[in-house]
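Structure file data-v2.cif; described as mmCIF, C-alpha atoms.
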```
data_model
#
loop_
_atom_site.label_atom_id
_atom_site.label_comp_id
_atom_site.auth_asym_id
_atom_site.auth_seq_id
_atom_site.Cartn_x
_atom_site.Cartn_y
_atom_site.Cartn_z
CA MET A 3 54.49 91.35 143.05
CA GLY A 4 57.62 93.07 141.85
CA LEU A 5 59.74 91.16 144.36
CA PHE A 6 58.18 87.88 143.22
CA PHE A 7 59.12 88.49 139.59
CA ALA A 8 62.59 89.82 140.44
CA GLY A 9 63.30 86.82 142.68
CA GLY A 10 61.94 84.38 140.11
CA MET A 11 64.07 85.91 137.37
CA ALA A 12 67.23 85.77 139.48
CA THR A 13 66.59 82.16 140.49
CA LEU A 14 65.90 80.86 136.98
CA MET A 15 68.88 82.66 135.46
CA LEU A 16 71.22 81.44 138.21
CA VAL A 17 70.29 77.83 137.44
CA GLY A 18 71.08 78.40 133.77
CA VAL A 19 67.69 79.00 132.15
CA PRO A 20 68.15 81.25 129.05
CA VAL A 21 66.86 84.80 129.41
CA ALA A 22 64.14 84.38 126.77
CA PHE A 23 62.61 81.35 128.49
CA THR A 24 63.03 82.89 131.96
CA LEU A 25 60.91 85.85 130.89
CA ALA A 26 58.35 83.69 129.09
CA VAL A 27 57.92 81.25 132.00
CA LEU A 28 57.46 84.04 134.56
CA ALA A 29 55.01 85.79 132.24
CA ALA A 30 53.00 82.58 131.76
CA ILE A 31 52.85 81.99 135.53
CA GLY A 32 51.72 85.57 136.05
CA MET A 33 49.05 85.32 133.37
CA TYR A 34 47.72 82.08 134.83
CA TRP A 35 47.55 83.29 138.45
CA PHE A 36 46.56 86.91 137.96
CA ASN A 37 44.74 87.03 134.60
CA GLY A 38 42.13 84.31 134.90
CA GLY A 39 43.88 80.93 134.62
CA ALA A 40 43.67 79.27 131.22
CA LEU A 41 41.91 82.31 129.81
CA GLY A 42 44.95 84.42 130.69
CA LEU A 43 47.29 81.94 129.00
CA SER A 44 45.31 82.33 125.78
CA GLN A 45 46.93 85.76 125.45
CA VAL A 46 50.40 84.22 124.97
CA PRO A 47 50.22 83.51 121.21
CA ILE A 48 48.43 86.81 120.55
CA ILE A 49 51.14 88.84 122.31
CA ALA A 50 53.94 86.79 120.69
CA TYR A 51 52.49 87.38 117.22
CA LYS A 52 52.02 91.08 117.90
CA ALA A 53 55.62 91.41 119.12
CA LEU A 54 56.98 90.16 115.79
CA ASP A 55 54.31 91.60 113.48
CA ASP A 56 56.08 94.95 113.39
CA PHE A 57 57.38 96.76 110.29
CA THR A 58 60.18 98.37 112.29
CA MET A 59 61.28 94.99 113.62
CA SER A 60 61.62 93.63 110.07
CA ALA A 61 64.79 95.70 109.73
CA LEU A 62 66.50 93.63 112.43
CA PRO A 63 66.99 90.36 110.48
CA MET A 64 68.26 92.28 107.46
CA TYR A 65 70.89 94.22 109.42
CA VAL A 66 72.05 90.95 111.00
CA LEU A 67 72.26 89.35 107.53
CA MET A 68 74.20 92.35 106.21
CA SER A 69 76.71 92.16 109.06
CA GLN A 70 77.25 88.44 108.42
CA ILE A 71 77.83 89.01 104.68
CA LEU A 72 80.38 91.72 105.48
CA LEU A 73 82.06 89.48 108.04
CA PHE A 74 82.97 87.05 105.24
CA SER A 75 83.52 89.63 102.47
CA GLY A 76 87.08 90.80 103.09
CA VAL A 77 86.05 94.45 103.30
CA GLY A 78 87.54 94.72 106.81
CA LYS A 79 91.02 93.89 105.53
CA GLU A 80 90.82 96.53 102.79
CA LEU A 81 89.57 99.16 105.25
CA TYR A 82 92.41 98.35 107.65
CA GLU A 83 95.03 98.60 104.93
CA MET A 84 93.65 101.96 103.79
CA ALA A 85 93.57 103.41 107.32
CA SER A 86 97.07 102.08 108.03
CA ARG A 87 98.52 103.82 104.99
CA TRP A 88 96.96 107.16 105.96
CA LEU A 89 97.70 107.08 109.72
CA ARG A 90 100.68 104.83 110.52
CA HIS A 91 103.20 107.73 110.62
CA LEU A 92 101.36 109.34 113.55
CA PRO A 93 102.08 108.47 117.22
CA GLY A 94 100.37 105.12 117.80
CA GLY A 95 99.41 105.16 114.12
CA LEU A 96 98.23 101.55 113.82
CA ALA A 97 96.09 102.00 116.94
CA LEU A 98 94.46 105.00 115.27
CA ALA A 99 93.99 103.00 112.05
CA THR A 100 92.36 100.18 114.02
CA LEU A 101 89.89 102.54 115.68
CA VAL A 102 89.05 104.26 112.39
CA CYS A 103 88.35 100.83 110.88
CA CYS A 104 86.14 99.96 113.84
CA GLY A 105 84.21 103.18 113.31
CA ILE A 106 83.74 102.63 109.58
CA PHE A 107 82.84 98.96 109.97
CA ALA A 108 80.41 99.88 112.75
CA ALA A 109 78.68 102.23 110.31
CA ILE A 110 78.51 99.37 107.83
CA SER A 111 77.44 96.41 109.93
CA GLY A 112 75.65 97.73 113.03
CA SER A 113 77.13 94.86 115.02
CA SER A 114 79.71 95.11 117.81
CA VAL A 115 80.56 91.43 117.56
CA ALA A 116 81.09 91.59 113.78
CA THR A 117 83.24 94.72 114.21
CA ALA A 118 85.43 93.20 116.94
CA VAL A 119 85.89 89.91 115.05
CA THR A 120 86.50 91.37 111.59
CA ILE A 121 88.94 94.10 112.61
CA GLY A 122 90.49 91.95 115.35
CA MET A 123 91.51 89.16 112.97
CA VAL A 124 93.44 91.68 110.87
CA ALA A 125 94.72 94.08 113.54
CA ILE A 126 96.00 91.72 116.28
CA PRO A 127 98.76 90.05 114.24
CA GLU A 128 99.71 93.31 112.49
CA MET A 129 99.99 95.39 115.66
CA THR A 130 101.73 92.81 117.84
CA ALA A 131 104.26 92.13 115.06
CA ARG A 132 105.14 95.84 115.06
CA GLY A 133 105.80 96.14 118.79
CA TYR A 134 102.41 97.07 120.21
CA ASP A 135 101.61 95.69 123.67
CA LYS A 136 99.15 92.78 123.41
CA LYS A 137 97.07 93.96 126.38
CA ALA A 138 96.70 97.43 124.89
CA VAL A 139 95.79 95.99 121.48
CA LEU A 140 93.08 93.72 122.87
CA GLY A 141 91.62 96.49 125.05
CA LEU A 142 91.59 98.82 122.05
CA LEU A 143 89.71 96.28 119.94
CA ALA A 144 87.24 95.43 122.72
CA ALA A 145 86.36 99.11 123.08
CA GLY A 146 86.48 99.90 119.36
CA GLY A 147 84.12 97.03 118.67
CA THR A 148 81.48 98.56 120.94
CA LEU A 149 81.09 101.42 118.45
CA GLY A 150 79.07 98.96 116.37
CA ILE A 151 75.95 99.66 118.44
CA LEU A 152 76.37 103.44 118.74
CA ILE A 153 77.28 104.43 115.19
CA PRO A 154 74.19 103.55 113.12
CA PRO A 155 72.82 101.25 111.90
CA SER A 156 72.36 99.79 115.37
CA VAL A 157 70.42 96.71 116.48
CA PRO A 158 69.80 98.08 120.03
CA MET A 159 68.36 101.27 118.51
CA ILE A 160 65.96 99.22 116.39
CA ILE A 161 64.86 97.34 119.52
CA TYR A 162 64.49 100.60 121.48
CA GLY A 163 62.34 102.05 118.70
CA SER A 164 60.21 98.91 118.45
CA VAL A 165 59.57 98.67 122.20
CA THR A 166 58.94 102.38 122.81
CA GLY A 167 57.47 103.50 119.47
CA GLU A 168 60.18 106.15 118.96
CA SER A 169 61.41 106.87 115.41
CA VAL A 170 64.28 104.55 114.46
CA GLY A 171 65.36 107.11 111.85
CA LYS A 172 65.75 109.77 114.56
CA LEU A 173 67.57 107.29 116.80
CA PHE A 174 70.02 106.48 114.01
CA ILE A 175 70.78 110.13 113.26
CA ALA A 176 71.03 110.93 116.99
CA GLY A 177 73.80 108.34 117.29
CA VAL A 178 76.02 109.74 114.51
CA LEU A 179 77.68 112.68 116.28
CA PRO A 180 78.09 110.90 119.66
CA GLY A 181 79.55 107.90 117.82
CA ILE A 182 82.08 110.02 115.94
CA LEU A 183 82.94 112.00 119.08
CA LEU A 184 83.49 108.86 121.17
CA LEU A 185 85.67 107.44 118.37
CA LEU A 186 87.81 110.63 118.39
CA ILE A 187 88.15 110.47 122.20
CA PHE A 188 89.25 106.83 121.96
CA MET A 189 91.76 107.83 119.27
CA GLY A 190 93.15 110.65 121.42
CA TYR A 191 93.70 108.32 124.37
CA ALA A 192 95.19 105.54 122.21
CA SER A 193 97.58 107.95 120.47
CA TRP A 194 98.79 109.23 123.85
CA LYS A 195 99.06 105.72 125.33
CA MET A 196 101.02 104.34 122.37
CA ARG A 197 102.85 107.53 121.39
CA HIS A 198 106.26 105.84 121.47
CA ILE A 199 105.51 103.83 118.29
CA LYS A 200 105.73 105.50 114.88
CA GLU A 201 106.33 104.14 111.40
CA ALA A 202 107.53 105.50 108.10
CA PRO A 203 104.73 107.27 106.21
CA ALA A 204 103.21 105.66 103.13
CA THR A 205 103.62 107.40 99.79
CA TRP A 206 100.67 109.29 98.34
CA SER A 207 100.47 106.67 95.61
CA GLU A 208 100.11 103.92 98.23
CA ARG A 209 97.47 105.91 100.10
CA TRP A 210 95.31 106.48 97.04
CA GLN A 211 95.72 102.87 95.94
CA GLY A 212 94.52 101.68 99.37
CA THR A 213 91.59 104.10 99.25
CA ARG A 214 90.52 102.85 95.81
CA LYS A 215 90.44 99.27 97.07
CA ALA A 216 88.39 100.23 100.15
CA VAL A 217 85.96 102.52 98.34
CA TRP A 218 83.18 99.90 98.27
CA GLY A 219 83.28 99.60 102.03
CA LEU A 220 83.32 103.39 102.41
CA MET A 221 80.17 103.66 100.30
CA MET A 222 78.09 101.55 102.69
CA PRO A 223 77.62 104.15 105.49
CA VAL A 224 76.95 106.80 102.84
CA LEU A 225 74.21 104.59 101.37
CA ILE A 226 72.55 103.79 104.71
CA ILE A 227 72.91 106.98 106.75
CA GLY A 228 72.74 109.29 103.74
CA GLY A 229 69.64 107.50 102.47
CA ILE A 230 67.87 107.78 105.83
CA TYR A 231 68.84 111.42 106.47
CA SER A 232 67.87 112.53 102.97
CA GLY A 233 64.52 110.75 103.20
CA ILE A 234 65.21 108.35 100.33
CA PHE A 235 64.98 105.33 102.66
CA THR A 236 63.21 104.46 105.85
CA PRO A 237 65.51 102.54 108.25
CA THR A 238 63.85 99.29 107.15
CA GLU A 239 64.29 100.08 103.45
CA ALA A 240 67.90 101.08 104.15
CA ALA A 241 68.46 97.64 105.69
CA ALA A 242 67.16 95.94 102.55
CA ALA A 243 69.30 98.18 100.33
CA GLY A 244 72.32 97.43 102.53
CA VAL A 245 71.82 93.66 102.19
CA VAL A 246 71.61 93.91 98.39
CA PHE A 247 74.64 96.22 98.15
CA SER A 248 76.77 94.15 100.55
CA ALA A 249 75.89 90.94 98.67
CA LEU A 250 76.86 92.54 95.35
CA VAL A 251 80.15 93.85 96.78
CA ALA A 252 81.00 90.53 98.45
CA GLY A 253 80.05 88.49 95.38
CA LEU A 254 81.26 90.63 92.48
CA VAL A 255 84.10 92.73 93.94
CA TYR A 256 85.69 90.58 96.65
CA ARG A 257 84.56 87.20 95.21
CA SER A 258 83.98 85.86 98.73
CA LEU A 259 80.47 84.39 98.41
CA SER A 260 81.39 80.75 97.90
CA TRP A 261 78.68 78.16 98.58
CA ASP A 262 80.43 77.25 101.81
CA ASN A 263 80.46 80.88 102.96
CA ILE A 264 76.82 81.39 101.95
CA LYS A 265 75.87 78.40 104.10
CA LYS A 266 77.81 79.81 107.08
CA ILE A 267 76.29 83.27 106.57
CA LEU A 268 72.73 81.96 106.50
CA LEU A 269 73.16 79.61 109.47
CA SER A 270 74.78 82.33 111.58
CA THR A 271 72.09 84.84 110.59
CA VAL A 272 69.27 82.46 111.51
CA ALA A 273 70.88 81.57 114.84
CA THR A 274 71.48 85.22 115.79
CA ASN A 275 68.02 86.36 114.74
CA ALA A 276 66.32 83.46 116.52
CA MET A 277 68.15 84.30 119.75
CA ILE A 278 67.20 87.99 119.56
CA LEU A 279 63.59 87.40 118.55
CA PHE A 280 63.04 84.77 121.26
CA ILE A 281 64.25 87.31 123.83
CA ILE A 282 61.95 89.98 122.39
CA VAL A 283 58.91 87.68 122.52
CA GLY A 284 59.73 86.68 126.10
CA ALA A 285 60.19 90.32 127.07
CA MET A 286 56.91 91.37 125.47
CA LEU A 287 55.07 88.65 127.41
CA PHE A 288 56.82 89.73 130.61
CA GLY A 289 56.04 93.38 129.90
CA PHE A 290 52.36 92.53 129.40
CA ILE A 291 51.98 90.92 132.80
CA LEU A 292 53.94 93.72 134.51
CA THR A 293 51.70 96.32 132.86
CA SER A 294 48.51 94.44 133.70
CA LEU A 295 49.62 94.43 137.36
CA GLN A 296 50.48 98.16 137.03
CA ILE A 297 54.05 97.66 138.23
CA PRO A 298 55.60 100.17 135.75
CA GLN A 299 52.94 102.72 136.67
CA ALA A 300 53.65 102.26 140.38
CA MET A 301 57.40 102.60 139.87
CA THR A 302 56.90 105.71 137.72
CA GLU A 303 54.73 107.29 140.40
CA MET A 304 57.30 106.42 143.05
CA ALA A 305 60.21 107.83 141.00
CA THR A 306 58.43 111.08 140.21
CA SER A 307 57.29 111.60 143.81
CA LEU A 308 60.72 111.16 145.40
CA PRO A 309 61.90 114.34 147.20
CA VAL A 310 65.07 114.46 145.09
CA SER A 311 66.18 116.03 141.83
CA LYS A 312 65.32 114.19 138.65
CA TRP A 313 69.06 113.95 138.04
CA VAL A 314 69.44 111.78 141.13
CA VAL A 315 66.93 109.36 139.57
CA PHE A 316 68.88 109.57 136.30
CA ILE A 317 72.13 108.66 138.10
CA LEU A 318 70.43 105.73 139.85
CA ILE A 319 69.11 104.48 136.50
CA ASN A 320 72.63 104.58 135.06
CA ILE A 321 74.02 102.70 138.05
CA LEU A 322 71.30 100.06 137.57
CA LEU A 323 72.22 99.70 133.87
CA LEU A 324 75.91 99.43 134.76
CA VAL A 325 75.22 96.62 137.26
CA LEU A 326 72.94 94.77 134.83
CA GLY A 327 75.59 95.14 132.14
CA CYS A 328 77.97 93.05 134.23
CA PHE A 329 75.63 90.04 134.07
CA LEU A 330 73.36 90.33 131.01
CA GLU A 331 73.90 90.99 127.31
CA THR A 332 72.55 94.12 125.65
CA VAL A 333 69.34 92.80 124.07
CA SER A 334 68.19 91.28 127.37
CA ILE A 335 68.88 94.49 129.30
CA LEU A 336 66.94 96.58 126.80
CA VAL A 337 63.83 94.45 126.60
CA ILE A 338 63.69 93.82 130.36
CA THR A 339 64.20 97.40 131.52
CA LEU A 340 62.58 99.56 128.84
CA PRO A 341 58.93 98.84 129.83
CA ILE A 342 59.78 100.25 133.27
CA LEU A 343 62.45 102.89 132.52
CA TYR A 344 60.80 104.53 129.50
CA PRO A 345 57.69 105.74 131.41
CA ILE A 346 59.91 107.01 134.24
CA ILE A 347 62.18 108.95 131.88
CA THR A 348 59.32 110.56 129.99
CA ALA A 349 57.43 111.37 133.21
CA LEU A 350 60.54 113.14 134.56
CA GLY A 351 60.69 115.29 131.43
CA PHE A 352 63.80 113.79 129.81
CA ASP A 353 63.92 113.51 126.02
CA PRO A 354 63.43 109.82 125.05
CA ILE A 355 65.73 110.09 122.00
CA TRP A 356 68.49 111.57 124.15
CA PHE A 357 67.96 108.86 126.76
CA ALA A 358 68.21 106.21 124.04
CA ILE A 359 71.76 107.34 123.23
CA ILE A 360 72.62 107.37 126.95
CA MET A 361 71.26 103.84 127.21
CA VAL A 362 73.19 102.64 124.15
CA VAL A 363 76.46 103.94 125.65
CA ASN A 364 75.57 101.96 128.77
CA MET A 365 75.10 98.93 126.52
CA GLU A 366 78.56 99.58 125.10
CA LEU A 367 79.87 99.38 128.64
CA ALA A 368 78.02 96.09 129.08
CA LEU A 369 80.02 94.65 126.16
CA ILE A 370 83.36 95.12 127.96
CA THR A 371 82.47 94.73 131.66
CA PRO A 372 83.14 91.32 133.23
CA PRO A 373 81.99 88.71 133.92
CA VAL A 374 79.67 88.60 130.87
CA GLY A 375 81.16 91.22 128.53
CA LEU A 376 80.47 89.75 125.08
CA ASN A 377 83.34 91.53 123.31
CA LEU A 378 85.79 90.14 125.87
CA PHE A 379 84.86 86.57 124.94
CA VAL A 380 84.74 87.37 121.22
CA LEU A 381 88.36 88.58 121.33
CA LYS A 382 89.31 85.60 123.46
CA GLY A 383 88.03 83.47 120.55
CA VAL A 384 90.05 85.51 118.03
CA ASP A 385 93.22 85.25 120.18
CA PRO A 386 92.91 82.11 122.35
CA SER A 387 96.41 82.54 123.83
CA SER A 388 95.38 85.66 125.78
CA PRO A 389 93.54 85.21 129.11
CA ILE A 390 90.30 87.11 129.70
CA SER A 391 91.97 89.05 132.53
CA THR A 392 94.43 90.58 130.05
CA ILE A 393 91.60 91.76 127.79
CA VAL A 394 89.70 93.17 130.80
CA ARG A 395 92.73 95.17 131.98
CA GLY A 396 93.30 96.50 128.47
CA ALA A 397 89.67 97.60 128.12
CA ALA A 398 89.37 99.19 131.60
CA PRO A 399 90.58 102.71 130.59
CA TYR A 400 88.08 102.78 127.73
CA ALA A 401 85.28 101.78 130.13
CA MET A 402 86.17 104.79 132.28
CA ILE A 403 86.11 106.99 129.17
CA MET A 404 82.57 105.73 128.41
CA VAL A 405 81.40 106.60 131.93
CA LEU A 406 82.74 110.14 131.50
CA PHE A 407 81.17 110.26 128.04
CA ILE A 408 77.73 109.57 129.56
CA VAL A 409 78.30 112.61 131.79
CA LEU A 410 79.22 114.66 128.71
CA LEU A 411 76.03 113.62 126.91
CA ALA A 412 73.98 114.46 129.99
CA VAL A 413 75.50 117.96 130.24
CA PHE A 414 75.27 118.65 126.49
CA PRO A 415 72.12 116.94 125.16
CA TRP A 416 72.43 118.77 121.81
CA LEU A 417 75.24 116.34 120.95
CA SER A 418 72.56 113.72 120.30
CA LEU A 419 69.59 115.93 119.46
CA GLY A 420 71.15 118.54 117.20
CA PHE A 421 70.44 116.90 113.83
CA ILE A 422 67.20 114.97 114.24
CA ASP A 423 64.77 117.69 113.17
CA GLY A 424 62.98 116.73 109.98
CA VAL A 425 63.98 113.05 110.20
CA LYS A 426 61.08 110.59 110.25
#
```
Encoded form using structure tokens:
Amino acid sequence: MGLFFAGGMATLMLVGVPVAFTLAVLAAIGMYWFNGGALGLSQVPIIAYKALDDFTMSALPMYVLMSQILLFSGVGKELYEMASRWLRHLPGGLALATLVCCGIFAAISGSSVATAVTIGMVAIPEMTARGYDKKAVLGLLAAGGTLGILIPPSVPMIIYGSVTGESVGKLFIAGVLPGILLLLIFMGYASWKMRHIKEAPATWSERWQGTRKAVWGLMMPVLIIGGIYSGIFTPTEAAAAGVVFSALVAGLVYRSLSWDNIKKILLSTVATNAMILFIIVGAMLFGFILTSLQIPQAMTEMATSLPVSKWVVFILINILLLVLGCFLETVSILVITLPILYPIITALGFDPIWFAIIMVVNMELALITPPVGLNLFVLKGVDPSSPISTIVRGAAPYAMIMVLFIVLLAVFPWLSLGFIDGVK
């Protein structure tokens, strides 16, 4: 049965059927043939409704809306200017400023695409005008943009929590230290790579002036992460508070919410949410038929009975995620694999929160690995003159850093689990 579904999925996707409809069609066929014909198909609307009737899932549309508001607000430009004034005198200073902006914007928006686009539009012309190599700049932005799904809030973490039942609040807090650490490692490599470029330092007056202008953007991660960690907000309530705050900042401080921009924000939000939610519904239907045929249970039993260390299974899982990341986008990978991988991981005795962070780093890799790395194509859209191959070569060192970072998280699980006690 497993081979039938795997072959059907590969065939439909190769002929261009979207992932959401591939999963739904295979699930419907399975329900018809194995669950009693038309009676089995009657489960489709029930499962679809149940997939979306989830309080945790209600945070997803709000985080997407917040990221779209911030994309049009102008906050990215202010953050970049502030970071530039504080860091440009260091070796590779503008590269460091770009990565810091990516980290801060990631903690604001929760979106890798929004991070790469917003910071890329500001950083590419600034850095290339000051002598930075275009390939290195594009690779830096492709990698820096991936921080949007590791530093909370994070859409993949919300999906992981919804599918597995794990606490989204704990997932968010578990991603903070790994996100900051990966950002610092990126900064160390970028500073060494671009150490030959330095600029005159800004005056203290210029630094404080830039900080004052960017203070509204700096308050966003404090509001969201601080609110969740202190217990003031649940992750869903934090999303609602973030939407209100970002709308007020965009409308009253940056004056960027024109009627034309509001229309673009709403249309983009609806399109993005529809794509994600269609995939989730399709995956829930697919997961139902797999579970009813006991495929996850069989694979879990097989994985736990193998005469090898559980770490060998862990390595194989990471290789599988790396391969899938070359061909699928992050939401699809999560919803397809979690119904099978989550029982295996828990049966082997691994912590599911720790594994979530491992999986999100794998999803970061998926964003910059060809041929379907989303951040590669996003930056191609920001800078149409650069071929995809140039962006891929620039991002390759950062992909290797992420692979080594997964090893680091595996060896030191406290990096992701050290601060989650007491978080709901």
Could you build a table of the residues in region 86-188 of chain A lying no more than 8 Å from region 379-394 of chain A, giving for each the nearest pair of atoms and their separation in Å rounded to one decimal place, using only C-alpha atoms, ordered by chain and ascending residue number, as CSV?
```
residue,atom,partner,partner_atom,distance
A:Val115,CA,A:Val380,CA,6.9
A:Ala118,CA,A:Leu381,CA,7.0
A:Val119,CA,A:Val384,CA,6.7
A:Gly122,CA,A:Val384,CA,7.0
A:Met123,CA,A:Val384,CA,6.4
A:Lys137,CA,A:Thr392,CA,5.6
A:Leu140,CA,A:Ile393,CA,5.5
A:Gly141,CA,A:Ile393,CA,5.5
A:Leu143,CA,A:Leu381,CA,7.9
A:Ala144,CA,A:Leu381,CA,7.1
```
Write the residues of the selection above to a file with C-alpha atoms, as a PDB file, in the coordinates of the input.
```pdb
ATOM      1  CA  VAL A 115      80.560  91.430 117.560  1.00  0.00           C
ATOM      2  CA  ALA A 118      85.430  93.200 116.940  1.00  0.00           C
ATOM      3  CA  VAL A 119      85.890  89.910 115.050  1.00  0.00           C
ATOM      4  CA  GLY A 122      90.490  91.950 115.350  1.00  0.00           C
ATOM      5  CA  MET A 123      91.510  89.160 112.970  1.00  0.00           C
ATOM      6  CA  LYS A 137      97.070  93.960 126.380  1.00  0.00           C
ATOM      7  CA  LEU A 140      93.080  93.720 122.870  1.00  0.00           C
ATOM      8  CA  GLY A 141      91.620  96.490 125.050  1.00  0.00           C
ATOM      9  CA  LEU A 143      89.710  96.280 119.940  1.00  0.00           C
ATOM     10  CA  ALA A 144      87.240  95.430 122.720  1.00  0.00           C
TER      11      ALA A 144
END
```
- Got a sec to resolve the PyMOL selection byres ((chain A and resi 109) around 10) on this structure and send the residues as number ranges by chain? A: 103-108, 110-113, 117, 149-156, 178, 181, 219-220, 222-224, 226-227
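Those residues returned by the PyMOL selection byres ((chain A and resi 97) around 10) for this file are Ser86, Leu89, Arg90, Leu92, Pro93, Gly94, Gly95, Leu96, Leu98, Ala99, Thr100, Leu101, Val102, Cys103, Ala125, Met129, Tyr134, Ala138, Val139, Leu142, Leu143, Phe188, Met189, Ala192, Ser193, Lys195, Met196, Arg197 and Ile199 of chain A.
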- Which residues come within 12 Å of Val157 (chain A), counting only C-alpha atoms, excluding same-chain residues fewer than 6 positions away, as JSON, numbers by chain? {"A": [58, 59, 60, 61, 62, 63, 64, 65, 66, 67, 68, 69, 108, 109, 111, 112, 113, 114, 115, 149, 150, 151, 163, 164, 170, 173, 174, 237, 238, 241, 274, 275, 278, 279, 332, 333, 336, 362, 365]}
Could you spell out the hits of the PyMOL selection byres ((chain A and resi 83) around 12) on the shown file, as a PDB file with C-alpha atoms, in the coordinates of the input?
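Contents of out30.pdb, as written:
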```pdb
ATOM      1  CA  GLY A  76      87.080  90.800 103.090  1.00  0.00           C
ATOM      2  CA  VAL A  77      86.050  94.450 103.300  1.00  0.00           C
ATOM      3  CA  GLY A  78      87.540  94.720 106.810  1.00  0.00           C
ATOM      4  CA  LYS A  79      91.020  93.890 105.530  1.00  0.00           C
ATOM      5  CA  GLU A  80      90.820  96.530 102.790  1.00  0.00           C
ATOM      6  CA  LEU A  81      89.570  99.160 105.250  1.00  0.00           C
ATOM      7  CA  TYR A  82      92.410  98.350 107.650  1.00  0.00           C
ATOM      8  CA  MET A  84      93.650 101.960 103.790  1.00  0.00           C
ATOM      9  CA  ALA A  85      93.570 103.410 107.320  1.00  0.00           C
ATOM     10  CA  SER A  86      97.070 102.080 108.030  1.00  0.00           C
ATOM     11  CA  ARG A  87      98.520 103.820 104.990  1.00  0.00           C
ATOM     12  CA  TRP A  88      96.960 107.160 105.960  1.00  0.00           C
ATOM     13  CA  LEU A  89      97.700 107.080 109.720  1.00  0.00           C
ATOM     14  CA  ARG A  90     100.680 104.830 110.520  1.00  0.00           C
ATOM     15  CA  LEU A  96      98.230 101.550 113.820  1.00  0.00           C
ATOM     16  CA  ALA A  99      93.990 103.000 112.050  1.00  0.00           C
ATOM     17  CA  THR A 100      92.360 100.180 114.020  1.00  0.00           C
ATOM     18  CA  VAL A 102      89.050 104.260 112.390  1.00  0.00           C
ATOM     19  CA  CYS A 103      88.350 100.830 110.880  1.00  0.00           C
ATOM     20  CA  ILE A 121      88.940  94.100 112.610  1.00  0.00           C
ATOM     21  CA  VAL A 124      93.440  91.680 110.870  1.00  0.00           C
ATOM     22  CA  ALA A 125      94.720  94.080 113.540  1.00  0.00           C
ATOM     23  CA  GLU A 128      99.710  93.310 112.490  1.00  0.00           C
ATOM     24  CA  ALA A 204     103.210 105.660 103.130  1.00  0.00           C
ATOM     25  CA  GLU A 208     100.110 103.920  98.230  1.00  0.00           C
ATOM     26  CA  ARG A 209      97.470 105.910 100.100  1.00  0.00           C
ATOM     27  CA  TRP A 210      95.310 106.480  97.040  1.00  0.00           C
ATOM     28  CA  GLN A 211      95.720 102.870  95.940  1.00  0.00           C
ATOM     29  CA  GLY A 212      94.520 101.680  99.370  1.00  0.00           C
ATOM     30  CA  THR A 213      91.590 104.100  99.250  1.00  0.00           C
ATOM     31  CA  ARG A 214      90.520 102.850  95.810  1.00  0.00           C
ATOM     32  CA  LYS A 215      90.440  99.270  97.070  1.00  0.00           C
ATOM     33  CA  ALA A 216      88.390 100.230 100.150  1.00  0.00           C
ATOM     34  CA  VAL A 217      85.960 102.520  98.340  1.00  0.00           C
TER      35      VAL A 217
END
```
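The interatomic distance for the pair CA of Val245 (chain A) and CA of Gln70 (chain A) works out to 9.8 Å.
Minimum atom-to-atom distance to Phe329 (chain A), evaluated using all atoms listed in the file, belongs to A:Val21 out of A:Lys172, A:Leu268, A:Ala29, A:Val21.
Counting all atoms listed in the file, the residue from A:Ala305, A:Leu25, A:Ala53, A:Ile187 that sits nearest to Thr348 (chain A) is A:Ala305.
One finds CA of Leu369 (chain A) at 15.5 Å from CA of Leu184 (chain A).
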- Hey, what's within 10 Å of Val255 (chain A) if we count only C-alpha atoms and toss same-chain stuff fewer than 3 positions away? As a PyMOL selection string, please? chain A and resi 75-77+215+218+248-252+258
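The interatomic distance for the pair CA of Leu185 (chain A) and CA of Asn377 (chain A) works out to 16.8 Å.
At a cut-off of 9 Å from (57.4, 81.7, 125.9), the residue set is Ala22, Phe23, Thr24, Leu25, Ala26, Val27, Leu28, Ala29, Ala30, Val46, Pro47, Ala50, Phe280, Val283, Gly284 and Leu287 of chain A (counting all atoms listed in the file).
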With C-alpha atoms kept, could you save the residues just selected as a PDB file, in the coordinates of the input?
```pdb
ATOM      1  CA  ALA A  22      64.140  84.380 126.770  1.00  0.00           C
ATOM      2  CA  PHE A  23      62.610  81.350 128.490  1.00  0.00           C
ATOM      3  CA  THR A  24      63.030  82.890 131.960  1.00  0.00           C
ATOM      4  CA  LEU A  25      60.910  85.850 130.890  1.00  0.00           C
ATOM      5  CA  ALA A  26      58.350  83.690 129.090  1.00  0.00           C
ATOM      6  CA  VAL A  27      57.920  81.250 132.000  1.00  0.00           C
ATOM      7  CA  LEU A  28      57.460  84.040 134.560  1.00  0.00           C
ATOM      8  CA  ALA A  29      55.010  85.790 132.240  1.00  0.00           C
ATOM      9  CA  ALA A  30      53.000  82.580 131.760  1.00  0.00           C
ATOM     10  CA  VAL A  46      50.400  84.220 124.970  1.00  0.00           C
ATOM     11  CA  PRO A  47      50.220  83.510 121.210  1.00  0.00           C
ATOM     12  CA  ALA A  50      53.940  86.790 120.690  1.00  0.00           C
ATOM     13  CA  PHE A 280      63.040  84.770 121.260  1.00  0.00           C
ATOM     14  CA  VAL A 283      58.910  87.680 122.520  1.00  0.00           C
ATOM     15  CA  GLY A 284      59.730  86.680 126.100  1.00  0.00           C
ATOM     16  CA  LEU A 287      55.070  88.650 127.410  1.00  0.00           C
TER      17      LEU A 287
END
```
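Each of A:Pro158, A:Thr166, A:His198, A:Leu41 was checked against Arg132 (chain A) using all atoms listed in the file; the smallest atom-to-atom distance is that of A:His198.
In terms of minimum interatomic distance to Leu376 (chain A), A:Ala145 ranks closest within A:Ile291, A:Ala145, A:Ala276, A:Ile346, counting only C-alpha atoms.
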